[in-house]
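Q: Let me begin by handing over the structure; questions about it come next.
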Amino acid sequence: MRILIDADPFLHLNAGKPWRERGLWPASWITHPDARPPFVAALRRRFALDRPATIRIHVTADQRYQLYLDGLHIGRGPERGAPDLWFYESYDLALDAGEHVIVARVWHWGEHSPQAQMSVRPGFLLAAEDEWQDVLSTGLSAWECKLLDGYAFGQYERIPWKGGNTYLDGRVYPWGVERGEGDDWQPVKTLRRAMAQRIDWELPPQQILHPAPLPPMTDEVRRVGVVRFASDVTSFDTRALPIHRADHNAEDVAAWQRLLQGEANVVVPPHSIKRILIDLQNYYIAYAELVTSGGAQATLRVRWAEALNHGTNHWRGDKGNRDEIEGKFMLGNGDQYITDGGAQRAFAPLWWSAGRYVEVAVQTQDEPLTIESFAIRETRYPLEMESTFDASDARLNDILPILARGIQCTANETYFDGPHWEEIMYLGDTRLEALCTYIMSRDDRLPRKALRTFDASRLPSGLTQSRYPCSLLQIIPPFSLWWVLMARDYALWRGDETFVHSLMPGLRANIEGYVRTLGDDGLLRAHEGWNCFDWVPAWSEDAGTPPDGVTGVSGLINWHFVYVLTQAAELEAMLGERGQATRYRALAKRIAKAASAAFWDEARGLMADTLARDRFSEHTQCMAILSGLVGTRQRKRIAHGLLNDLHLDRCTIYFSFYLFEALRELGRVDAMLDMLKLWFDLKTNGLKTPIESPEPARSDCHGWGSHPLFHYFATILGIRPTSLGFKTAEIRPQLGGLAHANGRLVHPDGGEIVVDVLGEDGRLRGSVRLPEGVTGTLVANGERREISGCVEW
């Protein structure tokens with residue numbers, strides 16, 4: 001059983017020791033003496049108890065581990081982190097008297113590592129508490145190890161951010177190793193003491209240990225899916241073979257469907273090549289698990305894809321309707337196994353895959369192969385949709401499961417941009433994913449971890465890295481500013497004031513990193529890095545960077561900073577830091593004045609993207625409006641242009657979040673609803689999660705595309721916090737032409753905010769119920785009203 005703890009379990013043991021040892025654990029890291037990445041190794045500790053006992057242990061590895069107790073799988077980890085935030089899991093082992101064995105399967109991908117999987121030095125660490133330290137702790141007790149033959153890593157389709165898939169040759173793999181069986185075990189090599197605090201005069205690279213802040217990921221077997229296609233093929237390389245109904249084998253389909261449902265096994269005859277296509281009917285992140293018997297030297301490949309393609313371009317292929325498979329190609333990545341002919345051989349990958357479609361290819365040799373079982377084991381953050389929403393436009397209701405699933409499938413040990421392609425936590429994506437998390441659930445542990453992790457990524461410039469954890473440095477300065485807003489979001493929607501205070505030095509450093517680029521004219525210069533804002537087609541030459549955003553003076557960069565300064569000032573004021581708030585407000589006004597003079601185009605009534613006033617975008621108009629620092633006349637003209645100018649560079653899926661925020665400020669939710677056609681088309685096109693960008697989309701699951709879920713509650717129903725921890729709220733519903741909308745939004749302190757609104761003859765009527773202890777302001781029909789409890793209007 002895994003448990004969570006709040007403090008380091010061992011530092012108190014060293015309180016009276018020499019100062020250099022006070023940041024160390026008693027246990028040490030260990031490894032196999034001959035381990036060189038990439039490798040997979042097993043480490044075991046055999047021991048005996050003379051009485052029943054419950055033993056608490058703390059476990060981590062560099063890079064990953066799977067943990068077994070007496071042959072039973074009890075956990076995996078470590079939770080993904082970074083060198084300064086290296087996490088360990090804690091387990092309570094309830095043991096009977098007698099002999100026991102703990103086995104860890106530990107691996108390091110080496111050159112095949114996911115970019116998001118960082119490393120300091122390969123190793124494994126297990127630390128037992130109390131009297132069990134000398135019995136079980138690595139470095140203190142007699143652990144043994146062996147390298148596991150048969151493993152290799154690779155990819156069918158090269159995706160540079162992703163890790164290598166599992167290739168396992170069962171003919172040389174030491175079956176039974178998870179039970180501690182087999183020969184060739186040898187003593188481990190002891191490395192350095194584990195470290196939780198840096199207390200020494202010299203500090204070589206080291207993992208700094210912290211308790212894992214998240215609950216265990218979902219770990220559930222799902223017997224899901226429909227066999228859509230089965231055929232005999234002449235080549236095991238099915239990538240170049242389109243799916244054709246004429247090749248369909250109905251008998252094989254029926255047999256494999258029974259296998260999926262757990263009702264029967266499948267026997268593949270000798271000298272056969274079978275191709276099976278499974279539609280999971282939803283998007284999953286999962287480990288595909290197979291159990292086989294017999295069939296020596298058969299090869300099995302399990303390949304995952306988000307959808308089938310009309311061509312063989314894995315990156316930007318035309319996928320069309322995701323429900324359709326006829327004439328399409330099954331591309332993607334997966335795992336491959338070779339059987340040894342043994343009975344009840346369990347094959348599973350070391351790391352998960354993601355998508356909707358799974359292709360199983362089987363090639364037998366001289367013996368029939370029996371596939372006893374096939375199932376997927378889902379793994380994701382245990383996030384469920386606890387709030388409810390309903391509206392008179394059924395299209396809004398129909399896509400709500402798609403929006404929620406998009407967040408579920410990009411929430412894991414960190415947030416992801418998308419699980420199939422990059423599997424990395426990007427700040428621009430994460431802000432929107434965290435806001436959706438606040439809508440879905442009271443659980444704020446993943447947003448807290450994201451804030452803390454990005455804070456640890458900060459550079460000497462003061463800016464955070466744009467994606468973290470990540471082994472390859474990337475700087476997107478606008479993303480660093482979104483971290484400032486993430487901190488403000490957390491303060492309002494959840495409100496742990498001590499935690500928010502701990503983020504403020506980093507927040508201020510981000511802002512100062514931007515201030516350093518101010519010129520004598522009061523305008524910002526483009527910051528060093530990749531100033532990407534959005535995948536606007538007209539900006540493709542500079543990879544999403546707006547005009548003059550590479551080295552020049554950009555209207556969008558300036559107005560974005562002005563907007564962020566106003567929000568940072570609000571946060572400082574909430575925390576009682578009036579001096580900082582005043583400084584940020586003054587700076588925002590000063591830059592806004594300079595930006596208005598430099599970028600305002602009187603003829604078009606818009607803020608330009610360039611000093612030459614020859615390029616214009618929705619993005620810059622949104623930032624100017626949201627800043628609140630344009631004059632009334634300018635605001636009206638910007639609003640008109642934003643809604644009517646046909647020659648603006650348009651927001652795509654990601655940045656439309658901020659367009660929707662601007663439309664809310666302008667009272668034009670009707671325009672927001674009109675812009676949801678792309679989302680309404682998701683269901684029509686067979687998608688189960690939101691896409692990354694307009695078609696042809698690379699990624700079929702991108703968390704930032706779920707942001708309308710936030711606007712259902714925060715814009716249509718108009719529910720927003722107005723003070724730390726949601727102690728007060730504003731209810732400002734805007735139906736935008738809907739006949740009615742209602743919903744229940746979970747509140748962090750328990751209870752729900754319930755809003756029910758109807759539109760009649762241009763006016764709103766309805767009811768609001770606030771949780772006990774929460775007060776609010778109702779804004780409707782041009783009036784403001786202080787409320788508490790249950791109110792009708």
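Letters A, B, ... mark the chains of the structure tokens in the order given; residue numbers begin at 1 per chain; ligand numbers begin at 1, in order shown.
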Give me, as an NGL selection string, all polymer residues having an atom no more than 12 Å from stretch 83-86 of chain A, counting only C-alpha atoms and skipping those fewer than 4 positions away in the same chain.

A: :A and (59-64 or 77-79 or 116-121 or 125 or 194-198 or 204-213 or 449-450 or 452-458 or 468-471)

Q: Need to verify the contact set: A:Lys274, 12 Å, only C-alpha atoms, exclusion of same-chain residues closer than 2 positions in sequence. Can you return it as a PyMOL selection string?

A: chain A and resi 229-238+247-249+252-253+256+266-272+276-277+298-301+359-364+369

Q: Keeping only C-alpha atoms, write the selected residues as an mmCIF file, in the first residue's frame.

A:
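Result saved to selection.cif:
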data_model
loop_
_atom_site.group_PDB
_atom_site.id
_atom_site.type_symbol
_atom_site.label_atom_id
_atom_site.label_comp_id
_atom_site.auth_asym_id
_atom_site.auth_seq_id
_atom_site.Cartn_x
_atom_site.Cartn_y
_atom_site.Cartn_z
ATOM 1 C CA PHE A 229 -10.652 -5.585 -38.719
ATOM 2 C CA ALA A 230 -8.757 -8.880 -38.896
ATOM 3 C CA SER A 231 -6.838 -10.378 -41.761
ATOM 4 C CA ASP A 232 -4.074 -12.740 -42.814
ATOM 5 C CA VAL A 233 -1.166 -10.839 -44.333
ATOM 6 C CA THR A 234 1.963 -11.847 -46.182
ATOM 7 C CA SER A 235 4.286 -9.372 -44.457
ATOM 8 C CA PHE A 236 4.806 -8.543 -40.794
ATOM 9 C CA ASP A 237 5.523 -4.951 -41.863
ATOM 10 C CA THR A 238 1.916 -3.783 -41.914
ATOM 11 C CA ASP A 247 -9.339 -8.583 -46.686
ATOM 12 C CA HIS A 248 -11.587 -8.821 -43.643
ATOM 13 C CA ASN A 249 -11.801 -12.179 -41.815
ATOM 14 C CA ASP A 252 -10.989 -14.052 -36.687
ATOM 15 C CA VAL A 253 -12.882 -10.929 -35.654
ATOM 16 C CA TRP A 256 -10.497 -11.878 -31.018
ATOM 17 C CA VAL A 266 -7.155 -17.300 -29.423
ATOM 18 C CA VAL A 267 -4.956 -19.867 -31.137
ATOM 19 C CA VAL A 268 -2.814 -18.618 -34.016
ATOM 20 C CA PRO A 269 -1.799 -21.493 -36.321
ATOM 21 C CA PRO A 270 1.849 -22.196 -37.242
ATOM 22 C CA HIS A 271 3.412 -20.233 -40.105
ATOM 23 C CA SER A 272 0.754 -17.519 -39.937
ATOM 24 C CA ILE A 276 -5.901 -7.377 -35.824
ATOM 25 C CA LEU A 277 -7.201 -3.798 -35.481
ATOM 26 C CA ALA A 298 6.531 -16.219 -32.469
ATOM 27 C CA THR A 299 6.686 -12.408 -32.750
ATOM 28 C CA LEU A 300 3.940 -10.135 -31.402
ATOM 29 C CA ARG A 301 3.740 -6.402 -32.009
ATOM 30 C CA GLU A 359 -3.021 -3.010 -33.884
ATOM 31 C CA VAL A 360 -1.876 -6.464 -32.802
ATOM 32 C CA ALA A 361 0.315 -8.257 -35.342
ATOM 33 C CA VAL A 362 1.312 -11.888 -34.748
ATOM 34 C CA GLN A 363 3.769 -13.980 -36.736
ATOM 35 C CA THR A 364 4.155 -17.628 -35.753
ATOM 36 C CA LEU A 369 0.595 -19.765 -30.363
#

Q: Just want the 7 Å neighbourhood of A:Leu67, counted on only C-alpha atoms, with same-chain residues fewer than 2 positions away dropped. Output as a list in words.

A: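 So the residues in contact are Tyr65, Leu69, His73, Ile74, Gly75, Arg76, Val103, Ala104 and Arg105 of chain A.
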
Q: For stretch 313-327 of chain A, list every protein, DNA or RNA residue within 12 Å, evaluated using only C-alpha atoms, and leave out those in the same chain fewer than 5 positions away; present the list as a PyMOL selection string.

A: chain A and resi 156-160+226-229+239-248+277-283+305-308+332-333+355-357+420-421+681-689+691-700

Q: Output C-alpha atoms of each residue in that selection to a file, as a short mmCIF file (atom, residue, chain, number, x, y, z; two decimals), in the first residue's frame.

A:
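The result, written out as part-v2.cif:
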data_model
loop_
_atom_site.label_atom_id
_atom_site.label_comp_id
_atom_site.auth_asym_id
_atom_site.auth_seq_id
_atom_site.Cartn_x
_atom_site.Cartn_y
_atom_site.Cartn_z
CA TYR A 156 8.75 2.49 -35.32
CA GLU A 157 7.86 6.13 -36.03
CA ARG A 158 10.50 8.59 -34.87
CA ILE A 159 9.06 11.03 -32.32
CA PRO A 160 12.03 12.87 -30.82
CA VAL A 226 -14.22 -3.58 -30.60
CA VAL A 227 -12.30 -5.60 -33.17
CA ARG A 228 -12.85 -3.59 -36.35
CA PHE A 229 -10.65 -5.58 -38.72
CA ARG A 239 2.72 -0.06 -41.96
CA ALA A 240 2.46 0.09 -45.76
CA LEU A 241 -0.69 -2.04 -45.93
CA PRO A 242 -3.98 -0.10 -46.03
CA ILE A 243 -7.07 -1.50 -44.39
CA HIS A 244 -9.44 -2.98 -46.97
CA ARG A 245 -12.80 -4.54 -46.25
CA ALA A 246 -12.12 -7.16 -48.90
CA ASP A 247 -9.34 -8.58 -46.69
CA HIS A 248 -11.59 -8.82 -43.64
CA LEU A 277 -7.20 -3.80 -35.48
CA ILE A 278 -8.91 -2.88 -32.20
CA ASP A 279 -10.94 0.30 -31.73
CA LEU A 280 -10.89 1.15 -28.02
CA GLN A 281 -13.85 3.51 -28.69
CA ASN A 282 -12.28 6.16 -26.48
CA TYR A 283 -8.87 7.70 -25.92
CA ALA A 305 -2.30 5.25 -32.92
CA GLU A 306 -4.67 8.11 -32.24
CA ALA A 307 -6.34 7.51 -35.61
CA LEU A 308 -5.69 5.91 -38.96
CA GLY A 332 2.18 4.83 -34.77
CA ASN A 333 4.44 3.29 -32.15
CA GLY A 355 -4.36 6.56 -28.43
CA ARG A 356 -7.64 5.09 -29.60
CA TYR A 357 -6.58 2.35 -32.03
CA HIS A 420 0.92 10.47 -27.90
CA TRP A 421 3.43 12.98 -29.24
CA ASP A 681 -17.26 19.25 -35.17
CA LEU A 682 -15.12 17.06 -32.90
CA LYS A 683 -17.93 14.61 -32.28
CA THR A 684 -19.02 14.65 -35.91
CA ASN A 685 -15.45 13.78 -36.94
CA GLY A 686 -15.24 10.85 -34.53
CA LEU A 687 -12.85 12.48 -32.07
CA LYS A 688 -12.87 11.54 -28.39
CA THR A 689 -10.60 14.35 -27.18
CA ILE A 691 -7.22 18.33 -31.17
CA GLU A 692 -4.06 20.44 -31.03
CA SER A 693 -4.79 22.74 -33.97
CA PRO A 694 -7.20 23.08 -36.88
CA GLU A 695 -7.09 20.19 -39.34
CA PRO A 696 -4.94 18.55 -40.44
CA ALA A 697 -4.10 18.17 -36.76
CA ARG A 698 -0.93 16.44 -35.62
CA SER A 699 -2.21 15.57 -32.14
CA ASP A 700 -5.71 14.21 -31.51
#

Q: Of the candidates A:Arg763, A:Asp443, A:Glu21, A:Thr410, which shows the shortest atom-to-atom distance to A:Gly782, using only C-alpha atoms?

A: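 Nearest to A:Gly782: A:Arg763.
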
Q: Would you kindly return, as a ChimeraX atom specification, each protein, DNA or RNA residue with an atom no farther than 12 Å from any atom of A:Glu783, considering only C-alpha atoms and excluding same-chain residues fewer than 5 positions away?

A: /A:731-732,763-764,777-778,793

Q: Identify, on the basis of only C-alpha atoms, every residue whose closest approach to stretch 581-591 of chain A does not exceed 12 Å; exclude the query and any residue fewer than 2 positions from it along the same chain; express the result as a ChimeraX atom specification.

A: /A:508,511-512,514-515,518-525,555,557-579,593-599,624,627-631

Q: I want to know what sits within 12 Å of A:Asp496, based on only C-alpha atoms, with residues of the same chain fewer than 6 positions away left out; could you give that as a list in words?

A: Asp444, Arg445, Arg448, Ala487, Arg488, Asp489, Tyr490, Ser502, Leu503, Leu575, Ser723, Leu724, Gly725, Phe726, Lys727, Pro748 and Asp749 of chain A

Q: Using DSSP on the backbone coordinates, identify the residues of stretch 337-453 of chain A assigned to alpha helix (DSSP H); present them as a PDB file with N, CA and C atoms, in the first residue's frame.

A:
ATOM      1  N   ALA A 394     -27.941  21.597 -27.197  1.00  0.00           N
ATOM      2  CA  ALA A 394     -27.462  20.238 -26.931  1.00  0.00           C
ATOM      3  C   ALA A 394     -26.031  20.015 -27.388  1.00  0.00           C
ATOM      4  N   ARG A 395     -25.566  20.815 -28.336  1.00  0.00           N
ATOM      5  CA  ARG A 395     -24.191  20.644 -28.805  1.00  0.00           C
ATOM      6  C   ARG A 395     -23.182  20.913 -27.693  1.00  0.00           C
ATOM      7  N   LEU A 396     -23.477  21.863 -26.823  1.00  0.00           N
ATOM      8  CA  LEU A 396     -22.598  22.133 -25.683  1.00  0.00           C
ATOM      9  C   LEU A 396     -22.528  20.926 -24.771  1.00  0.00           C
ATOM     10  N   ASN A 397     -23.658  20.301 -24.522  1.00  0.00           N
ATOM     11  CA  ASN A 397     -23.697  19.134 -23.646  1.00  0.00           C
ATOM     12  C   ASN A 397     -22.996  17.937 -24.284  1.00  0.00           C
ATOM     13  N   ASP A 398     -23.145  17.807 -25.599  1.00  0.00           N
ATOM     14  CA  ASP A 398     -22.581  16.647 -26.291  1.00  0.00           C
ATOM     15  C   ASP A 398     -21.061  16.612 -26.243  1.00  0.00           C
ATOM     16  N   ILE A 399     -20.425  17.778 -26.258  1.00  0.00           N
ATOM     17  CA  ILE A 399     -18.965  17.774 -26.286  1.00  0.00           C
ATOM     18  C   ILE A 399     -18.342  17.847 -24.894  1.00  0.00           C
ATOM     19  N   LEU A 400     -19.166  17.970 -23.854  1.00  0.00           N
ATOM     20  CA  LEU A 400     -18.610  18.043 -22.504  1.00  0.00           C
ATOM     21  C   LEU A 400     -17.769  16.809 -22.161  1.00  0.00           C
ATOM     22  N   PRO A 401     -18.226  15.566 -22.475  1.00  0.00           N
ATOM     23  CA  PRO A 401     -17.356  14.409 -22.196  1.00  0.00           C
ATOM     24  C   PRO A 401     -16.040  14.447 -22.962  1.00  0.00           C
ATOM     25  N   ILE A 402     -16.057  15.007 -24.175  1.00  0.00           N
ATOM     26  CA  ILE A 402     -14.824  15.119 -24.962  1.00  0.00           C
ATOM     27  C   ILE A 402     -13.857  16.092 -24.275  1.00  0.00           C
ATOM     28  N   LEU A 403     -14.374  17.212 -23.801  1.00  0.00           N
ATOM     29  CA  LEU A 403     -13.535  18.199 -23.124  1.00  0.00           C
ATOM     30  C   LEU A 403     -12.949  17.625 -21.837  1.00  0.00           C
ATOM     31  N   ALA A 404     -13.779  16.944 -21.053  1.00  0.00           N
ATOM     32  CA  ALA A 404     -13.300  16.360 -19.795  1.00  0.00           C
ATOM     33  C   ALA A 404     -12.275  15.264 -20.060  1.00  0.00           C
ATOM     34  N   ARG A 405     -12.515  14.446 -21.084  1.00  0.00           N
ATOM     35  CA  ARG A 405     -11.571  13.375 -21.398  1.00  0.00           C
ATOM     36  C   ARG A 405     -10.224  13.949 -21.849  1.00  0.00           C
ATOM     37  N   GLY A 406     -10.266  15.086 -22.522  1.00  0.00           N
ATOM     38  CA  GLY A 406      -9.020  15.731 -22.921  1.00  0.00           C
ATOM     39  C   GLY A 406      -8.153  16.091 -21.736  1.00  0.00           C
ATOM     40  N   ILE A 407      -8.758  16.549 -20.644  1.00  0.00           N
ATOM     41  CA  ILE A 407      -7.986  16.853 -19.438  1.00  0.00           C
ATOM     42  C   ILE A 407      -7.540  15.569 -18.757  1.00  0.00           C
ATOM     43  N   GLN A 408      -8.413  14.581 -18.672  1.00  0.00           N
ATOM     44  CA  GLN A 408      -8.027  13.321 -18.039  1.00  0.00           C
ATOM     45  C   GLN A 408      -6.825  12.684 -18.719  1.00  0.00           C
ATOM     46  N   LEU A 427       4.182  25.180 -20.162  1.00  0.00           N
ATOM     47  CA  LEU A 427       3.500  26.145 -19.309  1.00  0.00           C
ATOM     48  C   LEU A 427       2.233  26.707 -19.944  1.00  0.00           C
ATOM     49  N   GLY A 428       2.288  27.044 -21.247  1.00  0.00           N
ATOM     50  CA  GLY A 428       1.101  27.602 -21.881  1.00  0.00           C
ATOM     51  C   GLY A 428      -0.068  26.645 -21.823  1.00  0.00           C
ATOM     52  N   ASP A 429       0.205  25.358 -22.058  1.00  0.00           N
ATOM     53  CA  ASP A 429      -0.831  24.329 -21.969  1.00  0.00           C
ATOM     54  C   ASP A 429      -1.304  24.153 -20.532  1.00  0.00           C
ATOM     55  N   THR A 430      -0.323  24.142 -19.617  1.00  0.00           N
ATOM     56  CA  THR A 430      -0.613  23.772 -18.234  1.00  0.00           C
ATOM     57  C   THR A 430      -1.528  24.769 -17.553  1.00  0.00           C
ATOM     58  N   ARG A 431      -1.385  26.058 -17.888  1.00  0.00           N
ATOM     59  CA  ARG A 431      -2.289  27.013 -17.255  1.00  0.00           C
ATOM     60  C   ARG A 431      -3.748  26.686 -17.562  1.00  0.00           C
ATOM     61  N   LEU A 432      -4.036  26.375 -18.811  1.00  0.00           N
ATOM     62  CA  LEU A 432      -5.420  26.082 -19.192  1.00  0.00           C
ATOM     63  C   LEU A 432      -5.868  24.748 -18.598  1.00  0.00           C
ATOM     64  N   GLU A 433      -4.972  23.773 -18.556  1.00  0.00           N
ATOM     65  CA  GLU A 433      -5.315  22.468 -17.973  1.00  0.00           C
ATOM     66  C   GLU A 433      -5.603  22.597 -16.482  1.00  0.00           C
ATOM     67  N   ALA A 434      -4.817  23.426 -15.790  1.00  0.00           N
ATOM     68  CA  ALA A 434      -5.051  23.622 -14.357  1.00  0.00           C
ATOM     69  C   ALA A 434      -6.388  24.313 -14.109  1.00  0.00           C
ATOM     70  N   LEU A 435      -6.728  25.311 -14.915  1.00  0.00           N
ATOM     71  CA  LEU A 435      -8.030  25.971 -14.758  1.00  0.00           C
ATOM     72  C   LEU A 435      -9.170  24.977 -14.954  1.00  0.00           C
ATOM     73  N   CYS A 436      -9.031  24.103 -15.937  1.00  0.00           N
ATOM     74  CA  CYS A 436     -10.064  23.074 -16.139  1.00  0.00           C
ATOM     75  C   CYS A 436     -10.110  22.104 -14.968  1.00  0.00           C
ATOM     76  N   THR A 437      -8.945  21.824 -14.365  1.00  0.00           N
ATOM     77  CA  THR A 437      -8.916  20.949 -13.192  1.00  0.00           C
ATOM     78  C   THR A 437      -9.696  21.564 -12.042  1.00  0.00           C
ATOM     79  N   TYR A 438      -9.547  22.876 -11.825  1.00  0.00           N
ATOM     80  CA  TYR A 438     -10.304  23.540 -10.760  1.00  0.00           C
ATOM     81  C   TYR A 438     -11.809  23.422 -11.014  1.00  0.00           C
ATOM     82  N   ILE A 439     -12.205  23.409 -12.281  1.00  0.00           N
ATOM     83  CA  ILE A 439     -13.621  23.262 -12.622  1.00  0.00           C
ATOM     84  C   ILE A 439     -14.090  21.844 -12.343  1.00  0.00           C
ATOM     85  N   MET A 440     -13.249  20.851 -12.641  1.00  0.00           N
ATOM     86  CA  MET A 440     -13.666  19.457 -12.569  1.00  0.00           C
ATOM     87  C   MET A 440     -13.688  18.895 -11.156  1.00  0.00           C
ATOM     88  N   ARG A 445      -3.846  18.909  -6.201  1.00  0.00           N
ATOM     89  CA  ARG A 445      -2.459  18.470  -6.027  1.00  0.00           C
ATOM     90  C   ARG A 445      -1.649  18.561  -7.318  1.00  0.00           C
ATOM     91  N   LEU A 446      -2.257  18.275  -8.437  1.00  0.00           N
ATOM     92  CA  LEU A 446      -1.513  18.357  -9.692  1.00  0.00           C
ATOM     93  C   LEU A 446      -1.209  19.811 -10.080  1.00  0.00           C
ATOM     94  N   PRO A 447      -2.144  20.748  -9.980  1.00  0.00           N
ATOM     95  CA  PRO A 447      -1.772  22.152 -10.217  1.00  0.00           C
ATOM     96  C   PRO A 447      -0.684  22.655  -9.269  1.00  0.00           C
ATOM     97  N   ARG A 448      -0.749  22.253  -7.993  1.00  0.00           N
ATOM     98  CA  ARG A 448       0.293  22.661  -7.041  1.00  0.00           C
ATOM     99  C   ARG A 448       1.660  22.132  -7.484  1.00  0.00           C
ATOM    100  N   LYS A 449       1.680  20.864  -7.885  1.00  0.00           N
ATOM    101  CA  LYS A 449       2.956  20.298  -8.325  1.00  0.00           C
ATOM    102  C   LYS A 449       3.475  21.039  -9.551  1.00  0.00           C
ATOM    103  N   ALA A 450       2.581  21.362 -10.475  1.00  0.00           N
ATOM    104  CA  ALA A 450       3.008  22.081 -11.681  1.00  0.00           C
ATOM    105  C   ALA A 450       3.616  23.439 -11.323  1.00  0.00           C
ATOM    106  N   LEU A 451       2.972  24.169 -10.442  1.00  0.00           N
ATOM    107  CA  LEU A 451       3.505  25.469 -10.028  1.00  0.00           C
ATOM    108  C   LEU A 451       4.879  25.321  -9.387  1.00  0.00           C
ATOM    109  N   ARG A 452       4.997  24.362  -8.515  1.00  0.00           N
ATOM    110  CA  ARG A 452       6.256  24.140  -7.803  1.00  0.00           C
ATOM    111  C   ARG A 452       7.366  23.697  -8.766  1.00  0.00           C
ATOM    112  N   THR A 453       7.002  22.835  -9.718  1.00  0.00           N
ATOM    113  CA  THR A 453       7.995  22.315 -10.653  1.00  0.00           C
ATOM    114  C   THR A 453       8.535  23.418 -11.557  1.00  0.00           C
TER     115      THR A 453
END

Q: What is the distance between atom CA of A:Asp149 and atom CA of A:Pro174, in Å to one decimal?

A: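 Answer for the atom CA of A:Asp149 to atom CA of A:Pro174 separation: 7.1 Å.
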
Q: Can you work out the spacing between atom CA of A:Ala296 and atom CA of A:Gln336 in Å, to one decimal?

A: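 Those two atoms sit 14.8 Å apart.
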
Q: Determine the nearest neighbour of A:Gly773 from the options A:Cys145, A:Glu752, A:Thr498, A:Ser540, counting only C-alpha atoms.

A: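 When distances to A:Gly773 are compared using only C-alpha atoms, the smallest one comes from A:Glu752.
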
Q: Could you give me, as a ChimeraX atom specification, each residue of stretch 223-323 of chain A that DSSP assigns to strand (DSSP E or B) when run on this structure's backbone?

A: /A:226-232,266-268,273-294,299-305,309
